[in-house]
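**Student:** First the structure, which I've put down as structure tokens, then a few questions once you've had a look.
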Amino acid sequence: MNNRYYLSIVGLLLLPLFILAYKFTIPAEDAVILYEYAKNLAHTGVISYGGANIPIEGATDFLWMLCIAVLKKVGSTEFFSSLLLNFIGVMILITLVQSGKAKVVVVIALLTSAYFYSSLLGFSAIFFSAVYCWCLHLVLNKKPGLYLSILILCLIRPDGVVWGAGLVLLSFLTVQEKTALKKKWLEFISHLLVPGVVYFLWRAWYFSEWLPLPFLVKASGHRDLFVFWIQSLKAVGIALIPSLLTIFFVQSRRIYLRHLIVFFALPCLFYSVMQLEQNIGNRFLAPMFFGAMLLLSFEKKLIPLVVFAITSTMLSIPTTTATLKDILDSADENTYYISRDLSGFGGKMLVTEAGRLAYYSNWLTHDSWGLNTPKYAHNLIRVSDLQTENYDLIVGHCQLSLLRQKVPEKVYENKTWGNQCEVLISYIQSSNYNVVLVPFLKENASKISLRKLMGLGSYDLARRRYDLYAISPNYKNSIALESLLIQYGGIKYSSSSVSFVRP
């Protein structure tokens, strides 16, 4: 069968899954953050967050956001656009794999991977990986357009620089003739370096920050293993180990190992020193998974690719299971429904979870962790900040046991999640905010729930957390808002309800 038939079969197989995701899934919290930026760009022409009238760079996936904003202008919803782009990404990936049997293995590996399901939650994992694999295809086959393609990769996500570095390195290592090398340098400078520097300087001017806010926040904090994060090392290992195990099955171990080092050494180091927050489905490492499969698809025998697919699937079982649970439970998360109802009130709120509440409510919203609010990105939020802003609503995913006792006001040296929560609780207590504890998941599955559609049982009890909603006593709609939260299973908190609070 030719490539067109394979694409038709894969399209018919996967399209229903994308349709089901669109109809029965609520996009993930972190994915919705980017939708907020795309929505604001489409409506106002400003890249911003939470109703702010100044440029803010919390959406680091610039070109991904721009594509979604453009599609928004022509009537597409942000979630539909993200699924459409990821579906196109799948088609690109399948096209790049030449062997028919290898295509089958790649599709099976895709369906058993967490990377696929993170894309169904609205992230750019497959689309970004497809562009990376296109660049990989160009460099391995010494085809033109490499540096322009790498530029596009870097514009889709800023960590494209990390993935693109190895591609650039190999493109120079394979050139020996001086005239060809000079031409290569000129192409690199004109098609990648100069446009990249111009973009970097433009974004620094536009956002008044040298680095994107998420980079500032995720690179901060005290690491738990020298310069590394243990959780990040585990995430890197899940993606890297299958590639290493496959060395014993490839035809030319030296060339394969060289490719692994050149392409993946820098990404492994980079992600190991970054705190990989919201790494749903290990999505940040998706290019390594798809890139390794593309490399192995060039092997004469199918065994290396099969070994990679099996080991990758086995190692990723916990991650894939967790991602599937996120998909199944997404339509039952109260935050989505509360956010939509909040749009009828209007106000100013502070949130620790910065996606759905800002996007669906259209309130003026600040992110206390600083991923989307510049003044909280560099240093931990303080009580004095809260006093100045006088928020109508504060929503926090915090340890509820903090409510058991009076939390004193103090200035913290370290920016940690726990310290952030202590600051919030201290202010809430001293300012007499009315606290309602709202279950994160609905008590009963909603009508659009995939879990209900598939006839599955109730969700895991461990996922039944409660979030803190603190309403200012001065908010004009405080009584109506409190009543709304109670409708969603919220429980009014007082000092006498200590027995409810879990550690």
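The way I read the labels, and the way they are meant: chains A, B, ... in the order of the structure tokens, residue 1 as the first residue of every chain, and ligand 1 as the first ligand shown, with later ones counted on from there.
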Counting only C-alpha atoms, what is within 6 Å of region 435-443 of chain A, bar same-chain residues fewer than 4 positions away, as an MDAnalysis selection string?

**Tutor:** chainID A and resid 332:334 465:470 490:493

**Student:** Using only C-alpha atoms, find each residue of region 258-359 of chain A with at least one atom at most 12 Å away from an atom of region 78-95 of chain A; report its shortest atom-to-atom pair and that distance in Å (one decimal), sort the rows by chain and rising residue number, and return the result as a tab-separated table.

**Tutor:**
residue	atom	partner	partner_atom	distance
A:Pro287	CA	A:Leu93	CA	11.1
A:Phe289	CA	A:Leu93	CA	11.7
A:Phe290	CA	A:Leu93	CA	8.1
A:Gly291	CA	A:Leu93	CA	9.6
A:Met293	CA	A:Leu93	CA	9.9
A:Leu294	CA	A:Leu93	CA	8.4
A:Ser297	CA	A:Ile94	CA	10.8
A:Tyr359	CA	A:Glu78	CA	10.8

**Student:** Quote the spacing between CA of Leu484 (chain A) and CA of Ile26 (chain A) in Å to one decimal place.

**Tutor:**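 Going from CA of Leu484 (chain A) over to CA of Ile26 (chain A) covers 20.7 Å.
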
**Student:** Among region 265-396 of chain A, which residues does DSSP mark as strand (DSSP E) when it is run on the backbone? Keep the chain and numbering as in the structure and answer as a list in words.

**Tutor:**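 So the strand (DSSP E) residues in region 265-396 of chain A would be Lys348, Met349, Leu350, Val351, Leu364, Thr365, His366, Asp367, Leu393, Ile394, Val395 and Gly396 of chain A.
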
**Student:** Calculated over only C-alpha atoms, which of the candidates A:Arg283, A:Arg253, A:Lys234, A:His191 has the smallest distance to Phe123 (chain A)?

**Tutor:**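 Once distances to Phe123 (chain A) are computed over only C-alpha atoms, the minimum belongs to A:Arg283.
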
**Student:** Check the smallest atom-to-atom distance from each of A:Asn2, A:Ser312, A:Asn40, A:Ser232 to Gln278 (chain A) using only C-alpha atoms, then report the winner.

**Tutor:**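 Once distances to Gln278 (chain A) are computed over only C-alpha atoms, the minimum belongs to A:Ser232.
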
**Student:** Taking into account only C-alpha atoms, which residue in the set A:Lys301, A:Lys183, A:His137, A:Arg4 is nearest to Ser149 (chain A)?

**Tutor:**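 Going through A:Lys301, A:Lys183, A:His137, A:Arg4 one by one, the smallest distance to Ser149 (chain A) is for A:His137.
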
**Student:** Can you pull out the residues contacting Cys135 (chain A)? Cut-off 12 Å, using only C-alpha atoms, and skip same-chain residues under 2 positions away; I want them as a count of residues only.

**Tutor:** 40

**Student:** Nearest to Ser99 (chain A): which of A:Ala358, A:Val194, A:Leu305, A:Leu315 is it, counting only C-alpha atoms?

**Tutor:**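 That would be A:Leu305, the residue with the smallest distance to Ser99 (chain A).
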
**Student:** Calculated over only C-alpha atoms, which of the candidates A:Cys67, A:Leu357, A:Ile255, A:Ile238 has the smallest distance to Ser339 (chain A)?

**Tutor:**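 Using only C-alpha atoms, Ser339 (chain A) sits closest to A:Leu357.
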
**Student:** Taking into account only C-alpha atoms, which residue in the set A:Ala38, A:Gly100, A:Gln251, A:Ile56 is nearest to Ser76 (chain A)?

**Tutor:**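 Closest to Ser76 (chain A), using only C-alpha atoms: A:Ala38.
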